file work-v8.pdb (PDB, C-alpha atoms, pLDDT in the B column)
ATOM      1  CA  MET U  95     -26.876  11.606   2.104  1.00 42.00           C
ATOM      2  CA  ALA U  96     -27.236  12.499  -1.556  1.00 47.00           C
ATOM      3  CA  LEU U  97     -24.413  13.116  -3.937  1.00 48.00           C
ATOM      4  CA  SER U  98     -23.018  16.587  -3.697  1.00 51.00           C
ATOM      5  CA  ASN U  99     -24.397  19.402  -5.813  1.00 55.00           C
ATOM      6  CA  ASN U 100     -20.807  20.520  -6.291  1.00 53.00           C
ATOM      7  CA  PRO U 101     -20.100  19.719  -9.985  1.00 52.00           C
ATOM      8  CA  ILE U 102     -16.442  18.879  -9.328  1.00 50.00           C
ATOM      9  CA  GLN U 103     -17.249  16.443  -6.523  1.00 64.00           C
ATOM     10  CA  TYR U 104     -20.100  14.972  -8.578  1.00 64.00           C
ATOM     11  CA  ASP U 105     -17.682  14.376 -11.476  1.00 81.00           C
ATOM     12  CA  GLU U 106     -15.254  12.631  -9.109  1.00 83.00           C
ATOM     13  CA  ASN U 107     -18.065  10.394  -7.855  1.00 82.00           C
ATOM     14  CA  ILE U 108     -18.996   9.480 -11.426  1.00 86.00           C
ATOM     15  CA  GLN U 109     -15.349   8.784 -12.268  1.00 88.00           C
ATOM     16  CA  ARG U 110     -14.995   6.448  -9.264  1.00 87.00           C
ATOM     17  CA  HIS U 111     -18.200   4.676 -10.178  1.00 85.00           C
ATOM     18  CA  GLN U 112     -17.056   4.221 -13.774  1.00 89.00           C
ATOM     19  CA  GLU U 113     -13.654   2.941 -12.631  1.00 87.00           C
ATOM     20  CA  ALA U 114     -15.297   0.398 -10.330  1.00 86.00           C
ATOM     21  CA  LEU U 115     -17.680  -0.656 -13.084  1.00 86.00           C
ATOM     22  CA  HIS U 116     -15.005  -1.100 -15.762  1.00 89.00           C
ATOM     23  CA  ALA U 117     -12.107  -2.473 -13.718  1.00 92.00           C
ATOM     24  CA  PRO U 118     -11.253  -6.081 -14.541  1.00 93.00           C
ATOM     25  CA  LEU U 119     -12.726  -8.433 -11.957  1.00 93.00           C
ATOM     26  CA  PRO U 120      -9.290  -9.790 -10.929  1.00 95.00           C
ATOM     27  CA  VAL U 121      -8.198  -6.238 -10.058  1.00 95.00           C
ATOM     28  CA  VAL U 122     -11.363  -5.585  -8.060  1.00 95.00           C
ATOM     29  CA  ALA U 123     -11.157  -8.891  -6.163  1.00 95.00           C
ATOM     30  CA  CYS U 124      -7.442  -8.497  -5.468  1.00 96.00           C
ATOM     31  CA  GLU U 125      -7.761  -4.917  -4.211  1.00 97.00           C
ATOM     32  CA  VAL U 126     -10.735  -5.610  -1.965  1.00 97.00           C
ATOM     33  CA  GLY U 127      -9.277  -8.912  -0.741  1.00 97.00           C
ATOM     34  CA  THR U 128      -5.818  -7.596   0.039  1.00 97.00           C
ATOM     35  CA  THR U 129      -7.035  -4.349   1.581  1.00 97.00           C
ATOM     36  CA  LEU U 130      -9.878  -5.712   3.704  1.00 97.00           C
ATOM     37  CA  THR U 131      -8.763  -9.380   3.877  1.00 97.00           C
ATOM     38  CA  PHE U 132     -10.238 -12.086   1.690  1.00 97.00           C
ATOM     39  CA  ARG U 133     -12.485 -13.193   4.566  1.00 97.00           C
ATOM     40  CA  VAL U 134     -14.087  -9.745   4.842  1.00 97.00           C
ATOM     41  CA  ALA U 135     -14.382  -9.637   1.028  1.00 97.00           C
ATOM     42  CA  ALA U 136     -16.224 -12.979   1.115  1.00 96.00           C
ATOM     43  CA  VAL U 137     -18.518 -11.814   3.924  1.00 97.00           C
ATOM     44  CA  LEU U 138     -19.494  -8.550   2.221  1.00 97.00           C
ATOM     45  CA  SER U 139     -20.000 -10.437  -1.052  1.00 95.00           C
ATOM     46  CA  ASP U 140     -22.314 -12.899   0.744  1.00 96.00           C
ATOM     47  CA  LEU U 141     -20.130 -15.886  -0.140  1.00 94.00           C
ATOM     48  CA  GLU U 142     -19.655 -18.843   2.202  1.00 91.00           C
ATOM     49  CA  ASP U 143     -15.864 -18.862   1.942  1.00 92.00           C
ATOM     50  CA  THR U 144     -12.943 -17.092   0.296  1.00 95.00           C
ATOM     51  CA  HIS U 145     -12.469 -19.561  -2.560  1.00 94.00           C
ATOM     52  CA  LEU U 146     -14.329 -17.704  -5.326  1.00 92.00           C
ATOM     53  CA  ILE U 147     -12.878 -14.308  -4.348  1.00 93.00           C
ATOM     54  CA  ARG U 148      -9.346 -15.763  -4.423  1.00 95.00           C
ATOM     55  CA  GLU U 149     -10.006 -17.401  -7.788  1.00 94.00           C
ATOM     56  CA  TRP U 150     -11.284 -14.102  -9.208  1.00 93.00           C
ATOM     57  CA  ALA U 151      -8.267 -12.254  -7.783  1.00 95.00           C
ATOM     58  CA  ALA U 152      -5.891 -14.735  -9.409  1.00 95.00           C
ATOM     59  CA  GLY U 153      -7.784 -14.575 -12.712  1.00 93.00           C
ATOM     60  CA  ARG U 154      -8.287 -18.356 -12.630  1.00 93.00           C
ATOM     61  CA  THR U 155     -12.036 -18.444 -13.149  1.00 87.00           C
ATOM     62  CA  THR U 156     -14.666 -16.790 -15.253  1.00 77.00           C
ATOM     63  CA  VAL U 157     -17.472 -18.172 -13.085  1.00 71.00           C
ATOM     64  CA  ARG U 158     -19.804 -15.302 -12.384  1.00 79.00           C
ATOM     65  CA  ASN U 159     -21.961 -14.632  -9.401  1.00 88.00           C
ATOM     66  CA  PRO U 160     -23.618 -11.340 -10.397  1.00 92.00           C
ATOM     67  CA  GLU U 161     -24.824 -10.395  -6.915  1.00 93.00           C
ATOM     68  CA  ALA U 162     -21.477 -11.163  -5.263  1.00 93.00           C
ATOM     69  CA  GLU U 163     -19.699  -9.266  -8.011  1.00 92.00           C
ATOM     70  CA  ARG U 164     -21.974  -6.254  -7.541  1.00 94.00           C
ATOM     71  CA  ARG U 165     -21.255  -6.211  -3.812  1.00 96.00           C
ATOM     72  CA  LEU U 166     -17.526  -6.545  -4.446  1.00 96.00           C
ATOM     73  CA  ARG U 167     -17.515  -3.738  -7.024  1.00 96.00           C
ATOM     74  CA  THR U 168     -19.408  -1.471  -4.636  1.00 96.00           C
ATOM     75  CA  ALA U 169     -16.812  -2.172  -1.925  1.00 97.00           C
ATOM     76  CA  TYR U 170     -14.108  -1.361  -4.483  1.00 96.00           C
ATOM     77  CA  GLU U 171     -15.819   1.928  -5.316  1.00 95.00           C
ATOM     78  CA  MET U 172     -15.905   2.733  -1.611  1.00 96.00           C
ATOM     79  CA  LEU U 173     -12.199   1.921  -1.327  1.00 96.00           C
ATOM     80  CA  LEU U 174     -11.436   4.220  -4.261  1.00 95.00           C
ATOM     81  CA  LEU U 175     -13.119   7.007  -2.302  1.00 94.00           C
ATOM     82  CA  LEU U 176     -11.582   6.248   1.090  1.00 95.00           C
ATOM     83  CA  ARG U 177      -8.081   4.923   0.340  1.00 93.00           C
ATOM     84  CA  PRO U 178      -6.546   8.372  -0.265  1.00 92.00           C
ATOM     85  CA  LEU U 179      -7.888   9.513   3.106  1.00 94.00           C
ATOM     86  CA  ASP U 180      -6.656   6.848   5.517  1.00 94.00           C
ATOM     87  CA  SER U 181      -4.551   3.726   6.024  1.00 96.00           C
ATOM     88  CA  ASP U 182      -5.601   0.209   5.021  1.00 95.00           C
ATOM     89  CA  ALA U 183      -5.798  -0.723   8.722  1.00 96.00           C
ATOM     90  CA  VAL U 184      -8.275   2.089   9.398  1.00 96.00           C
ATOM     91  CA  LEU U 185     -10.301   1.150   6.315  1.00 97.00           C
ATOM     92  CA  ARG U 186     -10.481  -2.488   7.466  1.00 97.00           C
ATOM     93  CA  SER U 187     -11.692  -1.320  10.877  1.00 97.00           C
ATOM     94  CA  TRP U 188     -14.228   1.003   9.283  1.00 97.00           C
ATOM     95  CA  PHE U 189     -15.666  -1.745   7.035  1.00 98.00           C
ATOM     96  CA  VAL U 190     -16.152  -4.220   9.904  1.00 97.00           C
ATOM     97  CA  GLY U 191     -16.889  -1.875  12.811  1.00 97.00           C
ATOM     98  CA  MET U 192     -20.098  -0.425  14.131  1.00 97.00           C
ATOM     99  CA  ASN U 193     -21.127   2.619  12.142  1.00 96.00           C
ATOM    100  CA  PRO U 194     -23.532   5.234  13.548  1.00 95.00           C
ATOM    101  CA  THR U 195     -24.515   6.307  10.026  1.00 94.00           C
ATOM    102  CA  LEU U 196     -25.790   2.740   9.493  1.00 97.00           C
ATOM    103  CA  ASN U 197     -27.621   2.336  12.820  1.00 96.00           C
ATOM    104  CA  ASP U 198     -24.452   0.735  14.229  1.00 97.00           C
ATOM    105  CA  ASP U 199     -24.271  -1.942  11.528  1.00 98.00           C
ATOM    106  CA  ALA U 200     -20.929  -2.571   9.880  1.00 98.00           C
ATOM    107  CA  PRO U 201     -20.583  -1.367   6.264  1.00 98.00           C
ATOM    108  CA  ALA U 202     -19.513  -4.879   5.207  1.00 98.00           C
ATOM    109  CA  LEU U 203     -22.755  -6.325   6.572  1.00 98.00           C
ATOM    110  CA  VAL U 204     -24.835  -3.590   4.974  1.00 98.00           C
ATOM    111  CA  LEU U 205     -23.243  -4.441   1.618  1.00 97.00           C
ATOM    112  CA  ARG U 206     -23.919  -8.138   2.204  1.00 97.00           C
ATOM    113  CA  ALA U 207     -27.583  -7.250   2.802  1.00 97.00           C
ATOM    114  CA  GLY U 208     -27.641  -5.518  -0.601  1.00 96.00           C
ATOM    115  CA  GLN U 209     -28.110  -2.009   0.787  1.00 97.00           C
ATOM    116  CA  PHE U 210     -25.689  -0.435  -1.678  1.00 96.00           C
ATOM    117  CA  THR U 211     -26.904   3.153  -1.410  1.00 95.00           C
ATOM    118  CA  ASP U 212     -26.735   3.089   2.387  1.00 97.00           C
ATOM    119  CA  ALA U 213     -23.193   1.702   2.314  1.00 97.00           C
ATOM    120  CA  LEU U 214     -22.036   4.286  -0.230  1.00 95.00           C
ATOM    121  CA  ASP U 215     -23.690   7.085   1.742  1.00 95.00           C
ATOM    122  CA  ALA U 216     -21.814   5.968   4.871  1.00 97.00           C
ATOM    123  CA  ALA U 217     -18.552   6.079   2.901  1.00 96.00           C
ATOM    124  CA  TYR U 218     -19.327   9.614   1.733  1.00 93.00           C
ATOM    125  CA  VAL U 219     -20.012  10.661   5.340  1.00 95.00           C
ATOM    126  CA  PHE U 220     -16.739   9.097   6.507  1.00 95.00           C
ATOM    127  CA  ALA U 221     -14.862  10.815   3.685  1.00 94.00           C
ATOM    128  CA  ALA U 222     -16.382  14.160   4.587  1.00 92.00           C
ATOM    129  CA  GLU U 223     -16.190  13.931   8.358  1.00 89.00           C
ATOM    130  CA  GLY U 224     -13.502  11.356   9.139  1.00 73.00           C
TER     131      GLY U 224
END
call {"tool": "encode", "arguments": {"input": "work-v8.pdb", "output": "structure tokens"}}
result
Amino acid sequence: MALSNNPIQYDENIQRHQEALHAPLPVVACEVGTTLTFRVAAVLSDLEDTHLIREWAAGRTTVRNPEAERRLRTAYEMLLLLRPLDSDAVLRSWFVGMNPTLNDDAPALVLRAGQFTDALDAAYVFAAEG
């Protein structure tokens, strides 16, 4: 699914992307970790455990893992899109559940595999269709 041709919706998508890109890492890690659980945040970031995510969320480390950070920021962008539409419990279920848009893979696992466009497209479909 491509971004909408609607200029207003396109602008909102760009705004969300910019917010996810520029948000301080502790904010991103805290939001994703508390909304989805730190375990799910670690899984979608392709990290072995929750330690680094928790350290980022607390602002206690500047250690960077660019690929994990990219996955985490993409999940944050998806949350910015979906949070106004449903509860945190539904969003957690959506991130870890089978998704027909993703050939029944879970969005968290698709992010872990580095398929960012596919994961974002699935979020846009969920936002549009519920």
call {"tool": "resolve_selection", "arguments": {"input": "work-v8.pdb", "expression": "the PyMOL selection byres ((chain U and resi 175) around 12)", "output": "PyMOL selection string"}}
result
chain U and resi 103+106-111+113-114+168-174+176-180+185+214-222
call {"tool": "atom_distance", "arguments": {"input": "work-v8.pdb", "atom1": "CA of Ser139 (chain U)", "atom2": "CA of Arg164 (chain U)"}}
result
8.0 Å
call {"tool": "residues_around", "arguments": {"input": "work-v8.pdb", "residues": "region 188-201 of chain U", "least_positions_apart": "4", "cutoff": "8 Å", "atoms": "all atoms listed in the file", "output": "PyMOL selection string"}}
result
chain U and resi 130+134+184+205+212-213+216+219
call {"tool": "closest_residue", "arguments": {"input": "work-v8.pdb", "among": "U:Asp140, U:Glu163, U:Glu149, U:Asp182", "to": "Ala207 (chain U)", "atoms": "only C-alpha atoms"}}
result
U:Asp140
call {"tool": "atom_distance", "arguments": {"input": "work-v8.pdb", "atom1": "CA of Gln209 (chain U)", "atom2": "CA of Arg154 (chain U)"}}
result
29.0 Å
call {"tool": "closest_residue", "arguments": {"input": "work-v8.pdb", "among": "U:Leu119, U:Val126, U:Ala183, U:Val137", "to": "Arg158 (chain U)", "atoms": "all atoms listed in the file"}}
result
U:Leu119
call {"tool": "resolve_selection", "arguments": {"input": "work-v8.pdb", "expression": "the PyMOL selection byres ((chain U and resi 147) around 12)", "output": "PyMOL selection string"}}
result
chain U and resi 119-128+131-146+148-159+162-163+165-167
call {"tool": "atom_distance", "arguments": {"input": "work-v8.pdb", "atom1": "CA of Phe210 (chain U)", "atom2": "CA of Ala117 (chain U)"}}
result
18.3 Å
